[in-house]
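Trainee: The structure follows.
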Amino acid sequence: MFAWVSVSQSYRVIEILKDIMNKVMGIKKKETTTGITVEDFEQMGEEEVRQHLRDFLRDKKYLVVMDDVWTVDVWRQIHQVFPNVNNGSSRILLPTRNMEVARHAEPWIPPHELHLLNDTHSLELFCRKAFPANQDVRTELEPLAQKLAKRCGGLPLALVVLGGLMSRKDPSYDTWLRVAQSMNWESSGEGQECLSILGLSYDDLPYQLKPCFLYITAFPEDSIIPVSKLVRLWIAEGFILEEQRQTMEDTARDWLDELVQRCMIQVVKRSVTRGRVKSIRIHDMLRDFGLLEARKDGFLHVCSTDAVVSSHRVAFHDRINEEVAVSSPHLRTLLGSNLILTNAGRFLNGLNLLRVLDLEGARDLKKLPKQMGNMIHLRYLGLRRTGLKRLPSSIGHLLNLQTLDARGAYISWLPKSFWKIRTLRHVYINRRMFLSAPIIGDHKNWQTLKITWIYVDVMDMIRLGGIRFIKNWVTTSDSAEMACERIFSEAFGKSLEKMDSLFSFSMTMRELPRDIFFAHARHLQKLRSLYLIGPFQQQQFPDSSQFPPNLTKLMLEGSTLEQDPMPVLEKLPNLRLLALRWGAYAGRSMSCSAGGFPRLQHLILSCLNDLEEWRVGVGAMPCLTHLTIDGCRKLKMLPEGLQHVTTLRELKLIEMYCEFIDRVRNEDGYKVRHIPSTIFEH
């Protein structure tokens, strides 16, 4: 078992415990082996989490890294959940800048002190970032490279950032000399070398990248930042300009890649298809530097509860000054992270100039003010994991809105006027919201739609469906849930005609309206990503010609297909990623024929509990680079044809029985000998 969690200076014990529990137990959409669902997990209190974690770790080997610990209180509050820490089989690492923390954790074990890099290692790290892979340092640049690396004082962060800066410069002697001469070579005191280099790298950013970088500092320290959210916030702020050749989202991702290349941010996760960055984080020192710059320029202010807001953009973490509207009526951006509120949403009254409002994690937020409709400039509305039950009818007046994110919120009503907003680009809603307001109108800018399943009881349906639901229910012998599904299917079919501009569509249902979706799917010319969670109304696939023609990414979960889906899916000409998860296929055998999947690069087979045999014909999947088989416990062996898939670079086998693993390592070794990386995980 392994978990890496960040603690930081501002921490909450329950969040650290939940982070560890999530990583060692693998809390996912479905139940884990411990029977805990995501919903159960989110509702747990601190003592319940402690008990579950202690019970789960008992008699197990584990490694837990608690990074960035600042005070001795952290270990004192958490150590009791680790039952086996002293039995010799488990380890806990506490990276910290405070020696007292290290000594307090285990007084009889001397802390391991990290030393600064020597000149040789400093130069090696600097050159690794400054020059492309496998490229030697040009002879005339060697003295300057040594001088620049030495100036970093052995600090890895300074070496990485300065190397990233030089990687974007012309590799000529004159250019490098100008950079070296521009640095302040006077002795500036301990730690100032790094700040000087950070300042140099920030000053060298193109003007359009500076606000994008500073904006990242608004997120809590050590937080993992989803790139999709960051991109939408940048667009809502107006940082990204429209271009004819690509969408604003693509332009924003190009700019993000530039920040990565310059080592101003760190990549946490990349997508398995195109290697695009999915999540990032920012080093503490870079964040501190950015916060100083943002506040100095009046660009952004991260506030404590009693602080006076001194910028048009403000971020609050955990607590908020609820008089913010009175003190800052000209506020343009309000970013909240897991806010604890005492006056519901009344603090929003008067903030009519907002462009961005993000209240993710504000569980105390039960109601939004009716005056929300006065925020006519609003472009981003983040309500993820809030306590809201409904949205005010005035939300239909937000005619500039681009993003509505209501994931994880149990909102049961959306006004029909919402769909009159023509600027919508990204919408995340649940089934209740959709039933209350089926999609109407044309939406030419629309890119993303995600509909999640949420329980709807009889009274909900009477309120949402009115007399139409009652008639439908009374005139059939179906349950209320079945009648609800039928009404949803009808509304969904009509809505599909309005979705032809979508790039990405995701839906979670107890029973997916297969026939209705695939009757319209071939008209979704722009759709690239499709994620369907839930059983199909008929346990078989339609013909491949009924799929969106330009689909590149398909993920199916819980589909319970009885017929082998591969003969259909392998005919999709542009498919690059296919993931079949959690019983997507309920059959015993699966076959990929010669010439099938002509462009598939990534294949994920996860928790196909009945799969025993998989056949791969010679010439199948000619572009496959990554294969993951996870928890397919009945699968007897790897397919014979896998030895002919010479493009494979990585095979990952997760939670497979020992007999299967032993076979791969021994008698089936010839099938995987050509694969550079074979990873076994338990």
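Letters A, B, ... mark the chains of the structure tokens in the order given; residue numbers begin at 1 per chain; ligand numbers begin at 1, in order shown.
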For Gly408 (chain A), please output as an MDAnalysis selection string all residues within 9 Å (counting only C-alpha atoms; exclusion window: fewer than 5 positions along the same chain).
Mentor: chainID A and resid 383:386 429:430 452
Trainee: So that I have them on file, write out the residues from the current selection with N, CA and C atoms, as a compact mmCIF listing (two decimals), in the first residue's frame.
Mentor:
# COMPACT_ATOMS: atom_id res chain seq x y z
N LEU A 383 -20.08 25.45 -8.55
CA LEU A 383 -20.91 25.05 -7.40
C LEU A 383 -20.63 23.60 -7.01
N ARG A 384 -19.47 23.11 -7.39
CA ARG A 384 -19.16 21.71 -7.16
C ARG A 384 -19.11 21.40 -5.66
N ARG A 385 -19.75 20.29 -5.27
CA ARG A 385 -19.78 19.80 -3.89
C ARG A 385 -20.27 20.86 -2.89
N THR A 386 -21.21 21.69 -3.31
CA THR A 386 -21.86 22.61 -2.38
C THR A 386 -23.10 21.94 -1.81
N ILE A 429 -24.15 18.87 -14.92
CA ILE A 429 -25.40 18.86 -14.16
C ILE A 429 -25.76 17.41 -13.80
N ASN A 430 -26.82 17.24 -12.99
CA ASN A 430 -27.29 15.90 -12.66
C ASN A 430 -28.66 15.64 -13.31
N THR A 452 -24.86 13.45 -14.54
CA THR A 452 -24.63 12.38 -13.57
C THR A 452 -25.95 11.88 -13.00
Trainee: Once DSSP has gone over the backbone, tell me which residues of region 181-338 of chain A are in alpha helix (DSSP H), as a PyMOL selection string.
Mentor: chain A and resi 181-182+192-203+209-216+227-237+248-261+284-296+324-327
Trainee: Do a neighbour search on Met507 (chain A) at 6 Å with only C-alpha atoms, toss out local chain neighbours closer than 6 positions, and write the hits as an MDAnalysis selection string.
Mentor: chainID A and resid 450:452 532
Trainee: Restricting the output to N, CA and C atoms, write the selected residues as a PDB file, in the first residue's frame.
Mentor:
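The result, stored in out20.pdb:
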ATOM      1  N   LYS A 450     -21.857  16.977 -19.137  1.00  0.00           N
ATOM      2  CA  LYS A 450     -21.806  15.803 -18.282  1.00  0.00           C
ATOM      3  C   LYS A 450     -23.077  15.748 -17.455  1.00  0.00           C
ATOM      4  N   ILE A 451     -23.803  14.613 -17.557  1.00  0.00           N
ATOM      5  CA  ILE A 451     -25.027  14.394 -16.779  1.00  0.00           C
ATOM      6  C   ILE A 451     -24.773  13.217 -15.848  1.00  0.00           C
ATOM      7  N   THR A 452     -24.861  13.446 -14.542  1.00  0.00           N
ATOM      8  CA  THR A 452     -24.626  12.381 -13.574  1.00  0.00           C
ATOM      9  C   THR A 452     -25.946  11.882 -12.998  1.00  0.00           C
ATOM     10  N   LEU A 532     -19.698   6.706 -21.017  1.00  0.00           N
ATOM     11  CA  LEU A 532     -21.028   6.227 -20.649  1.00  0.00           C
ATOM     12  C   LEU A 532     -20.904   5.281 -19.464  1.00  0.00           C
TER      13      LEU A 532
END
Trainee: Taking the chain letters and numbering used in this document, name the residues of region 43-276 of chain A that DSSP puts in strand (DSSP E), as a list in words.
Mentor: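 The residues of region 43-276 of chain A classed as strand (DSSP E) are Leu63, Val64, Val65, Met66, Asp67, Arg91, Ile92, Leu93, Ile225, Pro226, Gln266, Val267, Val268, Lys269 and Arg270 of chain A.
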Trainee: Residues within 12 Å of Asp288 (chain A), please, as a PyMOL selection string. Count only C-alpha atoms; anything in the same chain fewer than 6 positions from it doesn't count.
Mentor: chain A and resi 195+198-199+214+216-222+282+294-295+302
Trainee: Could you save the residues just selected, with C-alpha atoms, as a PDB file, in the first residue's frame?
Mentor:
ATOM      1  CA  LEU A 195      14.308  34.364  -5.332  1.00  0.00           C
ATOM      2  CA  LEU A 198      12.569  33.110  -9.837  1.00  0.00           C
ATOM      3  CA  GLY A 199      12.258  36.834 -10.508  1.00  0.00           C
ATOM      4  CA  LEU A 214      -0.069  34.580 -11.088  1.00  0.00           C
ATOM      5  CA  ILE A 216      -2.319  29.708 -10.237  1.00  0.00           C
ATOM      6  CA  THR A 217      -1.209  31.091  -6.864  1.00  0.00           C
ATOM      7  CA  ALA A 218      -4.874  31.595  -5.899  1.00  0.00           C
ATOM      8  CA  PHE A 219      -5.240  27.859  -5.286  1.00  0.00           C
ATOM      9  CA  PRO A 220      -4.455  26.536  -1.788  1.00  0.00           C
ATOM     10  CA  GLU A 221      -0.864  25.612  -0.989  1.00  0.00           C
ATOM     11  CA  ASP A 222       0.179  22.143  -2.224  1.00  0.00           C
ATOM     12  CA  ILE A 282       3.153  24.724  -7.976  1.00  0.00           C
ATOM     13  CA  ALA A 294       0.164  39.422  -7.554  1.00  0.00           C
ATOM     14  CA  ARG A 295      -0.471  41.520  -4.470  1.00  0.00           C
ATOM     15  CA  VAL A 302      -5.421  35.641  -1.125  1.00  0.00           C
TER      16      VAL A 302
END
